[in-house]
Amino acid sequence: MVAMENRSLNLLDEALSLEQRMEPWPLRGKLLLIEDCVETSGSFVLHHLVKRILSPNSSNIVIFLAFSRPFSHYDRILRKLGCNLVAQRDNSRFFFLDMLMLQCPDGNEEKTSEGGFADLYGKIQKIINALPENHRNHVTIMIDDVSLMEVAAYGSSDHVLDFLHYCHTLTSDVGCSLVILNHEDIYSSMERPVFIMQMEYLADILIKTQPLATGLAADVHGQLTVLNTGICSGNGNLKNKISNLQFMVKENSVEYFYPGSRS
Amino acid sequence: MAESICRNLRDGALEGEHAPALTIRDAIDSPFGFDVFAHVLSQLSSFILAGKSQSRGVVVVAFTRSPSFYVDLLKRRGVDVSSSHKWLRILDCYTDPLGWKDKLVDSGNLVDTSDEASCMTHLCKDVRDLDNLYSLILESGKGLVGQGKVHLSVAIDSVNAMLRHAPMSRVAGLLSNLRSHDQVSCIYWLLHSDLHEVRVTSSVEYISSMVANVEPLNQSARGQRWDLENIFMLKQNFGKGKLNVRFKRRNGRVRMMCEEFHIEQSGINFTPVSPEDGTINQGLLPKVQFSLQLSEKEQTERAKVVLPFEHQGNGKPIQIYDGRRSITENKNGATLVSTGNPQKNEASGEGEIIYFRDSDDEMPDSDEDPDDDLDI
């Protein structure tokens with residue numbers, strides 16, 4: 001029974017091929033896109049990945065771009081999950097870039113927002129360059145969340161895409177990973193949600209959280225689908241290309257299970 | 001059929017004609033256009049190495065992948081890249097497309113971590129300047145083929161990236177100029193069609209002589225971005241699809257072909273669709289909710305239906321009720337008009353109506369104007 005419970009908690013890791021300690025890190029050089037909606041926030045996936053990346057037996061590093069919430073928020077949640085972000089920050093394994101106050105000055109908004117993102121990219125590359133040579137390919141850049149990044153860019157999605165492109169170059173130049181959270185329903189009224197589709201084309205792995213098609217349930221909070229789209233990269237594991245899970249967010253953990261496995 | 005695309009590109013341009021141009025277009029419901037692009041690139045590279053192609057070199061304009069990715073890709077596909085400096089050039093529009101890294105290095109902020117550009121890579125630091133991009137492509141090609149009458153092929157991995165930084169007219173101009181350049185043997189590019197309006201994708205398609213359309217196997221999945229409502233269908237069709245290709249002949253005739261593909265670790269595999277499958281025809285039919293054709297079962301059921309007033313299959317001559325005799329008479333043995341044994345029925349008097357219409361005396365129809373012929 002304990003083994004079954006333990007396994008159920010690792011279904012997301014299994015879907016992402018993280019279930020066993022692997023070298024190189026399975027997400028190395030990949031872009032992982034999390035798409036959520038108002039009814040089922042995808043933040044818990046982001047928290048799960050932070051905890052997984054910063055596990056004590058790994059040398060992985062996180063550069064976290066927070067457009068959504070302050071450091072204290074993430075620290076409080078991760079403590080409940082058993083991960084001390086303050087300690088990780090002090091050990092130079094967690095770099096927190098507080099972007100809440102990122103606002104480009106008035107004037108030529110187009111130019112300044114582009115310049116602002118170029119500077120932000122410069123900060124990220126500076127952090128990576130300061131790391132020891134053998135740790136540079138253990139870096140994961142996380143963005144929470146892209147829709148607020150677009151707000152900071154005065155609605156210029158092109159500047160956001162330029163920034164994401166430059167972050168993407170780090171996946172091939174250095175072997176970094178990129179984890180991005182975005183809200184799908186913000187763009188649902190558009191006939192062609194180009195911005196979100198651009199990111200879907202970029203992504204090697206797409207994780208979608210959605211409410212249950214059948215409506216609300218007490219013991220199931222939503223469904224989660226993992227699509228491994230980066231087939232042509234050649235180093236991906238071909239098993240479990242598509243995984244469909246259901247989840248229940250608890251106080252200090254998230255439980256994952258297959259649809260229909262709960263009576 | 002993917003082979004016939006590659007053959008077309010391999011054979012190159014006829015004297016005085018534009019080079020063959022291929023648009024590979026996909027959409028988010030079947031986002032495997034890059035796999036087709038990679039297949040075409042590796043096939044043409046093999047032809048060039050074997051000396052079977054009109055072109056003697058390839059210029060890859062890389063917007064979405066790094067130069068090292070392409071070298072690794074060709075290695076994985078079994079192409080000998082040891083001599084690649086002789087036949088391969090990569091115009092790197094990926095590493096620093098807007099010159100941000102260049103500025104960072106200039107300001108002394110940080111050390112450039114990217115690998116030293118190999119002898120086959122040229123860096124483009126401003127993708128917005130399409131005139132410069134055009135000259136860089138041709139310069140890269142000249143490094144391969146020299147000044148003589150030697151041809152090169154051009155591969156562009158994302159027209160979308162160009163369209164994001166420049167207006168449609170400029171991009172179309174660049175593609176058209178490359179296609180008409182006398183040193184370009186063939187040109188092909190990838191386009192995500194759902195990121196742009198129809199007029200944009202149509203403009204790009206008009207420039208090309210072949211359009212390879214990557215579509216999902218299941219037509220009901222079309223236009224849906226990862227439809228989680230139907231996860232089973234998503235699983236069934238993932239990594240598979242159809243490649244519908246339009247070949248435009250010089251005389252204006254269009255030939256259509258269709259093939260199914262399956263993506264594996266080693267690459268993309270194509271399987272021809274037999275004509276009796278009707279897959280091509282189905283693709284051309286309008287997409288409607290009802291069936292436009294009968295299934296085999298429905299056809300056999302239809303054949304069994306006995307039509308009214310027709311008594312077939314019992315060996316008797318077919319008799320048709322003429323509408324004037326009652327069924328009771330038939331029971332009493334009276335003869336019906338029969339197609340098997342035609343005979344005149346004397347009892348029924350023959351009548352004839354003779355009617356000559358005198359149009360001038362007729363009253364006009366109510367919606368006609370009786371005075372329309374008067375010149376008042």
# chains A, B, ... in the order shown; residues from 1 in each chain; ligands from 1
call {"tool": "residues_around", "arguments": {"residues": "stretch 127-130 of chain A", "least_positions_apart": "5", "cutoff": "12 Å", "atoms": "only C-alpha atoms", "output": "PyMOL selection string"}}
result
(chain A and resi 61-64+92-97+120-122+135-141+167+170-171+173-176) or (chain B and resi 109-114)
call {"tool": "residues_around", "arguments": {"residues": "stretch 90-103 of chain B", "least_positions_apart": "2", "cutoff": "6 Å", "atoms": "only C-alpha atoms", "output": "short mmCIF file (atom, residue, chain, number, x, y, z; two decimals) with all heavy atoms, in the first residue's frame"}}
result
data_model
loop_
_atom_site.label_atom_id
_atom_site.label_comp_id
_atom_site.auth_asym_id
_atom_site.auth_seq_id
_atom_site.Cartn_x
_atom_site.Cartn_y
_atom_site.Cartn_z
N VAL B 59 22.90 26.11 -48.29
CA VAL B 59 22.96 27.19 -47.30
C VAL B 59 21.72 27.04 -46.42
O VAL B 59 20.60 27.17 -46.91
CB VAL B 59 22.99 28.59 -47.95
CG1 VAL B 59 22.96 29.67 -46.88
CG2 VAL B 59 24.22 28.74 -48.83
N VAL B 60 21.93 26.73 -45.14
CA VAL B 60 20.81 26.62 -44.20
C VAL B 60 20.69 27.95 -43.46
O VAL B 60 21.64 28.39 -42.82
CB VAL B 60 21.04 25.47 -43.18
CG1 VAL B 60 19.87 25.39 -42.20
CG2 VAL B 60 21.22 24.14 -43.89
N VAL B 61 19.52 28.57 -43.59
CA VAL B 61 19.26 29.81 -42.85
C VAL B 61 18.54 29.40 -41.56
O VAL B 61 17.37 29.03 -41.58
CB VAL B 61 18.41 30.80 -43.68
CG1 VAL B 61 18.26 32.13 -42.95
CG2 VAL B 61 19.02 31.02 -45.06
N ALA B 62 19.29 29.41 -40.45
CA ALA B 62 18.81 28.83 -39.19
C ALA B 62 18.24 29.90 -38.28
O ALA B 62 18.98 30.71 -37.73
CB ALA B 62 19.95 28.10 -38.50
N PHE B 63 16.91 29.90 -38.13
CA PHE B 63 16.24 30.85 -37.24
C PHE B 63 15.85 30.19 -35.91
O PHE B 63 15.82 30.86 -34.88
CB PHE B 63 14.95 31.38 -37.89
CG PHE B 63 15.18 32.44 -38.93
CD1 PHE B 63 15.22 32.11 -40.27
CD2 PHE B 63 15.36 33.77 -38.57
CE1 PHE B 63 15.42 33.08 -41.24
CE2 PHE B 63 15.56 34.75 -39.53
CZ PHE B 63 15.59 34.40 -40.87
N THR B 64 15.50 28.90 -35.96
CA THR B 64 14.91 28.27 -34.77
C THR B 64 15.80 27.22 -34.11
O THR B 64 15.47 26.72 -33.05
CB THR B 64 13.56 27.59 -35.12
OG1 THR B 64 13.80 26.60 -36.12
CG2 THR B 64 12.56 28.60 -35.64
N SER B 66 20.12 25.90 -33.46
CA SER B 66 21.52 26.34 -33.51
C SER B 66 22.26 25.61 -34.62
O SER B 66 21.86 24.52 -35.03
CB SER B 66 22.19 26.05 -32.17
OG SER B 66 22.24 24.66 -31.96
N VAL B 105 28.46 41.99 -24.78
CA VAL B 105 29.90 41.73 -24.83
C VAL B 105 30.65 43.05 -24.96
O VAL B 105 31.64 43.29 -24.28
CB VAL B 105 30.24 40.79 -26.01
CG1 VAL B 105 31.74 40.66 -26.18
CG2 VAL B 105 29.63 39.42 -25.76
N ASP B 106 30.12 43.94 -25.82
CA ASP B 106 30.77 45.25 -26.02
C ASP B 106 30.85 46.04 -24.72
O ASP B 106 31.84 46.70 -24.44
CB ASP B 106 29.98 46.08 -27.05
CG ASP B 106 30.18 45.53 -28.46
OD1 ASP B 106 31.07 44.67 -28.62
OD2 ASP B 106 29.44 45.94 -29.37
N THR B 121 29.95 28.43 -40.41
CA THR B 121 28.87 29.26 -39.88
C THR B 121 29.14 30.74 -40.07
O THR B 121 30.24 31.21 -39.81
CB THR B 121 28.67 28.96 -38.38
OG1 THR B 121 28.42 27.57 -38.21
CG2 THR B 121 27.50 29.73 -37.82
N HIS B 122 28.12 31.44 -40.55
CA HIS B 122 28.16 32.90 -40.64
C HIS B 122 27.10 33.44 -39.69
O HIS B 122 25.98 32.94 -39.67
CB HIS B 122 27.84 33.37 -42.06
CG HIS B 122 28.89 33.00 -43.06
ND1 HIS B 122 29.63 33.94 -43.73
CD2 HIS B 122 29.31 31.80 -43.50
CE1 HIS B 122 30.47 33.31 -44.54
NE2 HIS B 122 30.29 32.02 -44.43
N LEU B 123 27.44 34.46 -38.92
CA LEU B 123 26.51 35.00 -37.93
C LEU B 123 25.76 36.20 -38.50
O LEU B 123 26.36 37.09 -39.09
CB LEU B 123 27.29 35.41 -36.68
CG LEU B 123 26.49 35.62 -35.39
CD1 LEU B 123 25.78 34.36 -34.95
CD2 LEU B 123 27.42 36.11 -34.28
N CYS B 124 24.44 36.20 -38.30
CA CYS B 124 23.62 37.35 -38.69
C CYS B 124 23.13 38.01 -37.40
O CYS B 124 22.48 37.35 -36.59
CB CYS B 124 22.44 36.90 -39.54
SG CYS B 124 21.29 38.23 -39.92
N LYS B 125 23.44 39.29 -37.22
CA LYS B 125 23.12 39.96 -35.95
C LYS B 125 21.96 40.94 -36.05
O LYS B 125 21.68 41.66 -35.11
CB LYS B 125 24.36 40.68 -35.42
CG LYS B 125 25.43 39.70 -34.96
CD LYS B 125 26.62 40.39 -34.35
CE LYS B 125 27.67 39.37 -33.93
NZ LYS B 125 28.85 40.01 -33.38
N ASP B 126 21.30 40.96 -37.21
CA ASP B 126 20.08 41.76 -37.31
C ASP B 126 19.18 41.17 -38.38
O ASP B 126 19.33 41.46 -39.57
CB ASP B 126 20.42 43.22 -37.64
CG ASP B 126 19.18 44.12 -37.55
OD1 ASP B 126 18.10 43.61 -37.18
OD2 ASP B 126 19.29 45.32 -37.86
N VAL B 127 18.25 40.35 -37.94
CA VAL B 127 17.36 39.66 -38.89
C VAL B 127 16.30 40.59 -39.46
O VAL B 127 15.58 40.22 -40.38
CB VAL B 127 16.68 38.43 -38.24
CG1 VAL B 127 17.69 37.37 -37.88
CG2 VAL B 127 15.85 38.82 -37.04
#
call {"tool": "closest_residue", "arguments": {"among": "B:Glu205, B:Asp182, B:Glu259, B:Asp80", "to": "B:Glu3", "atoms": "only C-alpha atoms"}}
result
B:Glu259
call {"tool": "closest_atom_pairs", "arguments": {"of": "chain A", "to": "chain B", "cutoff": "8 Å", "atoms": "only C-alpha atoms", "output": "Markdown table"}}
result
| residue | atom | partner | partner_atom | distance |
| --- | --- | --- | --- | --- |
| A:Ala118 | CA | B:Trp100 | CA | 6.1 |
| A:Gly122 | CA | B:Leu104 | CA | 6.6 |
| A:Gln125 | CA | B:Leu110 | CA | 7.5 |
| A:Lys126 | CA | B:Leu110 | CA | 5.9 |
| A:Asn129 | CA | B:Val111 | CA | 7.1 |
| A:Asp158 | CA | B:Arg164 | CA | 7.5 |
| A:Tyr166 | CA | B:Asp96 | CA | 7.5 |
| A:Thr169 | CA | B:Thr95 | CA | 6.0 |
| A:Ser172 | CA | B:Ser66 | CA | 6.7 |
| A:Asp173 | CA | B:Ser114 | CA | 5.5 |
| A:Val174 | CA | B:Ser114 | CA | 7.6 |
| A:Arg192 | CA | B:Leu195 | CA | 7.3 |
| A:Val194 | CA | B:Leu195 | CA | 5.4 |
| A:Met197 | CA | B:Ile28 | CA | 7.2 |
| A:Gln198 | CA | B:Leu195 | CA | 7.4 |
| A:Glu200 | CA | B:Ile28 | CA | 7.8 |
| A:Tyr201 | CA | B:Ile28 | CA | 7.3 |
| A:Ala213 | CA | B:Glu229 | CA | 7.0 |
| A:Thr225 | CA | B:Leu228 | CA | 7.6 |
| A:Ile231 | CA | B:Gln265 | CA | 7.0 |
| A:Cys232 | CA | B:Asp35 | CA | 6.4 |
| A:Gly234 | CA | B:Gln265 | CA | 5.9 |
| A:Leu238 | CA | B:Gln265 | CA | 7.2 |
| A:Ile242 | CA | B:Lys235 | CA | 6.4 |
| A:Asn244 | CA | B:Ile231 | CA | 7.6 |
call {"tool": "write_last_selection", "arguments": {"atoms": "N, CA and C atoms", "output": "PDB file, in the first residue's frame"}}
result
ATOM      1  N   ALA A 118      16.389  43.137 -22.859  1.00  0.00           N
ATOM      2  CA  ALA A 118      17.791  42.871 -23.209  1.00  0.00           C
ATOM      3  C   ALA A 118      18.655  42.915 -21.948  1.00  0.00           C
ATOM      4  N   GLY A 122      20.709  40.004 -20.038  1.00  0.00           N
ATOM      5  CA  GLY A 122      22.098  40.222 -19.622  1.00  0.00           C
ATOM      6  C   GLY A 122      22.343  39.759 -18.194  1.00  0.00           C
ATOM      7  N   GLN A 125      22.470  35.934 -18.130  1.00  0.00           N
ATOM      8  CA  GLN A 125      23.719  35.401 -18.670  1.00  0.00           C
ATOM      9  C   GLN A 125      24.891  35.682 -17.727  1.00  0.00           C
ATOM     10  N   LYS A 126      24.814  36.798 -17.029  1.00  0.00           N
ATOM     11  CA  LYS A 126      25.856  37.147 -16.059  1.00  0.00           C
ATOM     12  C   LYS A 126      25.884  36.117 -14.920  1.00  0.00           C
ATOM     13  N   ASN A 129      27.380  32.924 -16.288  1.00  0.00           N
ATOM     14  CA  ASN A 129      28.831  33.038 -16.500  1.00  0.00           C
ATOM     15  C   ASN A 129      29.619  33.004 -15.192  1.00  0.00           C
ATOM     16  N   ASP A 158       5.749  40.609 -29.103  1.00  0.00           N
ATOM     17  CA  ASP A 158       6.965  40.377 -29.895  1.00  0.00           C
ATOM     18  C   ASP A 158       8.222  40.525 -29.044  1.00  0.00           C
ATOM     19  N   TYR A 166      15.944  34.434 -26.803  1.00  0.00           N
ATOM     20  CA  TYR A 166      17.307  34.534 -26.259  1.00  0.00           C
ATOM     21  C   TYR A 166      17.517  33.551 -25.107  1.00  0.00           C
ATOM     22  N   THR A 169      18.147  30.236 -26.612  1.00  0.00           N
ATOM     23  CA  THR A 169      19.510  30.008 -27.125  1.00  0.00           C
ATOM     24  C   THR A 169      20.409  29.418 -26.036  1.00  0.00           C
ATOM     25  N   SER A 172      20.619  25.605 -26.040  1.00  0.00           N
ATOM     26  CA  SER A 172      21.556  24.943 -26.957  1.00  0.00           C
ATOM     27  C   SER A 172      23.002  25.352 -26.699  1.00  0.00           C
ATOM     28  N   ASP A 173      23.222  26.626 -26.324  1.00  0.00           N
ATOM     29  CA  ASP A 173      24.600  27.092 -26.072  1.00  0.00           C
ATOM     30  C   ASP A 173      25.195  26.431 -24.838  1.00  0.00           C
ATOM     31  N   VAL A 174      24.402  26.408 -23.760  1.00  0.00           N
ATOM     32  CA  VAL A 174      24.934  25.973 -22.459  1.00  0.00           C
ATOM     33  C   VAL A 174      24.298  24.676 -21.975  1.00  0.00           C
ATOM     34  N   ARG A 192      -7.293  33.540 -33.258  1.00  0.00           N
ATOM     35  CA  ARG A 192      -6.021  32.809 -33.370  1.00  0.00           C
ATOM     36  C   ARG A 192      -5.113  33.296 -32.247  1.00  0.00           C
ATOM     37  N   VAL A 194      -2.181  33.702 -31.256  1.00  0.00           N
ATOM     38  CA  VAL A 194      -0.849  33.556 -31.856  1.00  0.00           C
ATOM     39  C   VAL A 194       0.250  33.469 -30.799  1.00  0.00           C
ATOM     40  N   MET A 197       0.383  30.129 -29.182  1.00  0.00           N
ATOM     41  CA  MET A 197       0.772  29.109 -30.165  1.00  0.00           C
ATOM     42  C   MET A 197       2.263  29.195 -30.486  1.00  0.00           C
ATOM     43  N   GLN A 198       2.790  30.420 -30.519  1.00  0.00           N
ATOM     44  CA  GLN A 198       4.234  30.598 -30.744  1.00  0.00           C
ATOM     45  C   GLN A 198       5.015  29.829 -29.681  1.00  0.00           C
ATOM     46  N   GLU A 200       3.889  27.305 -27.873  1.00  0.00           N
ATOM     47  CA  GLU A 200       3.664  25.865 -28.031  1.00  0.00           C
ATOM     48  C   GLU A 200       4.600  25.279 -29.086  1.00  0.00           C
ATOM     49  N   TYR A 201       4.864  26.049 -30.137  1.00  0.00           N
ATOM     50  CA  TYR A 201       5.814  25.591 -31.160  1.00  0.00           C
ATOM     51  C   TYR A 201       7.231  25.504 -30.590  1.00  0.00           C
ATOM     52  N   ALA A 213     -13.715  17.407 -17.306  1.00  0.00           N
ATOM     53  CA  ALA A 213     -14.758  17.623 -18.313  1.00  0.00           C
ATOM     54  C   ALA A 213     -16.144  17.387 -17.720  1.00  0.00           C
ATOM     55  N   THR A 225      -2.342  17.059 -18.437  1.00  0.00           N
ATOM     56  CA  THR A 225      -1.868  16.311 -19.603  1.00  0.00           C
ATOM     57  C   THR A 225      -0.450  16.736 -19.931  1.00  0.00           C
ATOM     58  N   ILE A 231      10.115  15.418 -30.343  1.00  0.00           N
ATOM     59  CA  ILE A 231      10.521  14.104 -30.850  1.00  0.00           C
ATOM     60  C   ILE A 231      11.799  14.202 -31.667  1.00  0.00           C
ATOM     61  N   CYS A 232      11.880  15.246 -32.490  1.00  0.00           N
ATOM     62  CA  CYS A 232      12.991  15.295 -33.446  1.00  0.00           C
ATOM     63  C   CYS A 232      14.328  15.625 -32.795  1.00  0.00           C
ATOM     64  N   GLY A 234      15.888  13.901 -30.767  1.00  0.00           N
ATOM     65  CA  GLY A 234      16.692  12.686 -30.823  1.00  0.00           C
ATOM     66  C   GLY A 234      17.124  12.136 -29.490  1.00  0.00           C
ATOM     67  N   LEU A 238      11.105   7.942 -25.936  1.00  0.00           N
ATOM     68  CA  LEU A 238       9.896   7.851 -26.751  1.00  0.00           C
ATOM     69  C   LEU A 238       8.702   7.256 -26.015  1.00  0.00           C
ATOM     70  N   ILE A 242       2.479  10.851 -24.423  1.00  0.00           N
ATOM     71  CA  ILE A 242       1.325  11.592 -23.906  1.00  0.00           C
ATOM     72  C   ILE A 242       0.866  10.914 -22.624  1.00  0.00           C
ATOM     73  N   ASN A 244      -1.981  11.336 -19.417  1.00  0.00           N
ATOM     74  CA  ASN A 244      -3.138  12.046 -18.883  1.00  0.00           C
ATOM     75  C   ASN A 244      -3.326  11.633 -17.429  1.00  0.00           C
TER      76      ASN A 244
END
call {"tool": "residues_around", "arguments": {"residues": "A:Ile53", "least_positions_apart": "2", "cutoff": "10 Å", "atoms": "only C-alpha atoms", "output": "list of chain:residue names"}}
result
A:Leu18, A:Trp25, A:Leu27, A:His47, A:His48, A:Leu49, A:Val50, A:Lys51, A:Ser55, A:Pro56, A:Asn57, A:Ser58, A:Ser59, A:Asn60, A:Ile61, A:Val62, A:Arg93, A:His138, A:Val139, A:Thr140
call {"tool": "write_last_selection", "arguments": {"atoms": "C-alpha atoms", "output": "PDB file, in the first residue's frame"}}
result
ATOM      1  CA  LEU A  18      12.310  12.196 -13.838  1.00  0.00           C
ATOM      2  CA  TRP A  25      19.284  15.716 -16.177  1.00  0.00           C
ATOM      3  CA  LEU A  27      15.090  18.210 -18.899  1.00  0.00           C
ATOM      4  CA  HIS A  47       6.454  24.361  -7.215  1.00  0.00           C
ATOM      5  CA  HIS A  48       6.855  20.617  -7.773  1.00  0.00           C
ATOM      6  CA  LEU A  49       9.606  21.231 -10.322  1.00  0.00           C
ATOM      7  CA  VAL A  50      11.440  23.724  -8.069  1.00  0.00           C
ATOM      8  CA  LYS A  51      11.452  21.143  -5.282  1.00  0.00           C
ATOM      9  CA  SER A  55      16.681  18.114  -4.336  1.00  0.00           C
ATOM     10  CA  PRO A  56      19.682  17.626  -2.008  1.00  0.00           C
ATOM     11  CA  ASN A  57      21.366  14.937  -4.120  1.00  0.00           C
ATOM     12  CA  SER A  58      21.557  17.096  -7.263  1.00  0.00           C
ATOM     13  CA  SER A  59      23.731  20.027  -8.302  1.00  0.00           C
ATOM     14  CA  ASN A  60      20.958  21.763 -10.249  1.00  0.00           C
ATOM     15  CA  ILE A  61      20.455  25.521 -10.043  1.00  0.00           C
ATOM     16  CA  VAL A  62      17.293  27.612 -10.514  1.00  0.00           C
ATOM     17  CA  ARG A  93      21.446  27.340  -5.923  1.00  0.00           C
ATOM     18  CA  HIS A 138      22.613  22.333 -14.679  1.00  0.00           C
ATOM     19  CA  VAL A 139      20.704  25.625 -14.765  1.00  0.00           C
ATOM     20  CA  THR A 140      16.917  25.860 -15.063  1.00  0.00           C
TER      21      THR A 140
END
call {"tool": "select_by_dssp", "arguments": {"residues": "stretch 8-255 of chain B", "states": "alpha helix (DSSP H)", "output": "JSON, numbers by chain"}}
result
{"B": [8, 9, 10, 11, 33, 34, 35, 36, 37, 38, 39, 40, 41, 42, 43, 44, 45, 46, 47, 48, 49, 67, 68, 69, 70, 71, 72, 73, 74, 75, 76, 84, 85, 86, 87, 100, 101, 102, 103, 104, 105, 106, 130, 131, 132, 133, 134, 135, 136, 137, 138, 139, 140, 141, 142, 143, 144, 145, 159, 160, 161, 162, 163, 164, 165, 168, 169, 170, 171, 172, 173, 174, 175, 176, 177, 178, 179, 180, 198, 199, 200, 201, 202, 203, 204, 205, 206, 207, 231, 232, 233, 234, 235, 236, 237]}
call {"tool": "residues_around", "arguments": {"residues": "stretch 45-57 of chain B", "least_positions_apart": "4", "cutoff": "12 Å", "atoms": "only C-alpha atoms", "output": "short mmCIF file (atom, residue, chain, number, x, y, z; two decimals) with C-alpha atoms, in the first residue's frame"}}
result
data_model
loop_
_atom_site.label_atom_id
_atom_site.label_comp_id
_atom_site.auth_asym_id
_atom_site.auth_seq_id
_atom_site.Cartn_x
_atom_site.Cartn_y
_atom_site.Cartn_z
CA GLU B 3 10.86 11.16 -52.59
CA CYS B 6 13.27 15.57 -53.03
CA ARG B 7 13.80 14.54 -56.67
CA ASN B 8 12.19 17.77 -57.85
CA LEU B 9 14.48 19.81 -55.62
CA ARG B 10 17.48 17.67 -56.56
CA ASP B 11 16.94 18.16 -60.31
CA GLY B 12 16.86 21.91 -59.76
CA ALA B 13 16.05 24.71 -62.18
CA LEU B 14 15.83 24.48 -65.96
CA GLU B 15 17.67 27.05 -68.04
CA ALA B 19 14.23 27.40 -59.18
CA PRO B 20 11.75 24.89 -57.72
CA ALA B 38 14.80 17.84 -41.55
CA HIS B 39 14.02 14.88 -43.83
CA VAL B 40 14.24 17.01 -46.98
CA LEU B 41 17.49 18.61 -45.76
CA TYR B 70 21.99 20.91 -37.76
CA VAL B 71 25.43 19.30 -37.79
CA LEU B 73 21.02 16.17 -37.14
CA LEU B 74 22.89 15.35 -40.35
CA LYS B 75 25.26 13.07 -38.42
CA ARG B 77 20.74 10.80 -40.34
CA GLY B 78 23.89 9.14 -41.63
CA VAL B 79 25.24 12.06 -43.67
CA ASP B 80 29.03 12.29 -43.68
CA VAL B 81 29.74 15.74 -42.21
CA SER B 82 33.52 15.39 -42.15
CA SER B 83 33.70 17.22 -45.50
CA SER B 84 30.81 19.55 -44.68
CA HIS B 85 32.96 22.69 -44.98
CA LYS B 86 33.01 21.99 -48.74
CA TRP B 87 29.25 21.78 -49.25
CA LEU B 88 27.46 23.16 -46.15
CA ARG B 89 27.06 26.71 -44.89
CA ILE B 90 24.85 27.71 -41.96
CA MET B 120 30.88 26.73 -41.94
CA LEU B 138 24.41 34.73 -51.38
CA SER B 140 27.62 32.19 -47.86
CA GLY B 141 26.78 30.40 -51.09
CA LYS B 142 29.65 32.00 -52.98
CA GLY B 143 32.01 30.65 -50.37
CA LEU B 144 30.82 27.20 -51.41
CA VAL B 145 30.41 27.37 -55.16
CA GLY B 146 32.68 30.21 -56.24
CA GLY B 148 31.17 29.98 -61.88
CA LYS B 149 27.87 28.55 -63.09
CA VAL B 150 27.65 26.28 -60.05
CA HIS B 151 24.35 26.07 -58.17
CA LEU B 152 23.44 25.97 -54.49
CA SER B 153 20.26 25.14 -52.59
CA VAL B 154 18.79 27.29 -49.83
CA ALA B 155 16.90 25.95 -46.78
CA ASP B 182 20.60 32.17 -61.31
CA GLN B 183 22.88 30.45 -58.78
CA VAL B 184 20.01 29.08 -56.69
CA SER B 185 19.13 25.55 -57.76
CA CYS B 186 16.25 25.04 -55.31
CA ILE B 187 14.80 26.61 -52.19
#
call {"tool": "closest_residue", "arguments": {"among": "B:Met168, B:Ala212, B:Leu130, B:Val306", "to": "B:Met256", "atoms": "only C-alpha atoms"}}
result
B:Ala212
call {"tool": "residues_around", "arguments": {"residues": "A:Ser43", "least_positions_apart": "3", "cutoff": "10 Å", "atoms": "only C-alpha atoms", "output": "list in words"}}
result
Ile34, Glu35, Asp36, Thr40, Leu46, His47, His48, Leu49, Asp144, Asp145, Leu181, Asn182 and Thr209 of chain A
call {"tool": "write_last_selection", "arguments": {"atoms": "N, CA and C atoms", "output": "compact mmCIF listing (two decimals), in the first residue's frame"}}
result
# COMPACT_ATOMS: atom_id res chain seq x y z
N ILE A 34 4.07 25.27 -19.21
CA ILE A 34 2.89 24.91 -18.41
C ILE A 34 1.77 25.88 -18.78
N GLU A 35 0.64 25.33 -19.20
CA GLU A 35 -0.52 26.16 -19.53
C GLU A 35 -1.64 25.83 -18.55
N ASP A 36 -2.15 26.86 -17.89
CA ASP A 36 -3.23 26.61 -16.94
C ASP A 36 -4.42 27.51 -17.25
N THR A 40 -8.17 25.86 -12.73
CA THR A 40 -7.12 24.95 -12.24
C THR A 40 -5.76 25.61 -12.47
N LEU A 46 4.83 24.11 -11.11
CA LEU A 46 6.04 24.93 -10.97
C LEU A 46 6.72 24.65 -9.63
N HIS A 47 5.91 24.63 -8.56
CA HIS A 47 6.45 24.36 -7.21
C HIS A 47 7.07 22.96 -7.15
N HIS A 48 6.37 22.00 -7.76
CA HIS A 48 6.86 20.62 -7.77
C HIS A 48 8.22 20.55 -8.45
N LEU A 49 8.34 21.26 -9.57
CA LEU A 49 9.61 21.23 -10.32
C LEU A 49 10.73 21.93 -9.57
N ASP A 144 7.51 32.93 -14.03
CA ASP A 144 6.15 32.91 -13.49
C ASP A 144 5.62 34.35 -13.48
N ASP A 145 4.81 34.77 -14.38
CA ASP A 145 4.34 34.05 -15.53
C ASP A 145 4.43 34.94 -16.75
N LEU A 181 5.45 29.38 -17.28
CA LEU A 181 4.03 29.25 -16.94
C LEU A 181 3.25 30.31 -17.70
N ASN A 182 2.14 29.90 -18.31
CA ASN A 182 1.27 30.87 -18.98
C ASN A 182 -0.19 30.48 -18.77
N THR A 209 -3.02 22.05 -17.49
CA THR A 209 -3.94 21.74 -16.40
C THR A 209 -5.31 22.27 -16.78
call {"tool": "closest_residue", "arguments": {"among": "B:Ala2, B:Asn269, B:Ala161, B:Ser169", "to": "A:Asp162", "atoms": "only C-alpha atoms"}}
result
B:Ala161
call {"tool": "atom_distance", "arguments": {"atom1": "atom CA of A:Leu32", "atom2": "atom CA of A:Ala203"}}
result
5.7 Å
call {"tool": "atom_distance", "arguments": {"atom1": "atom CA of A:Ser243", "atom2": "atom CA of A:Ala218"}}
result
22.6 Å
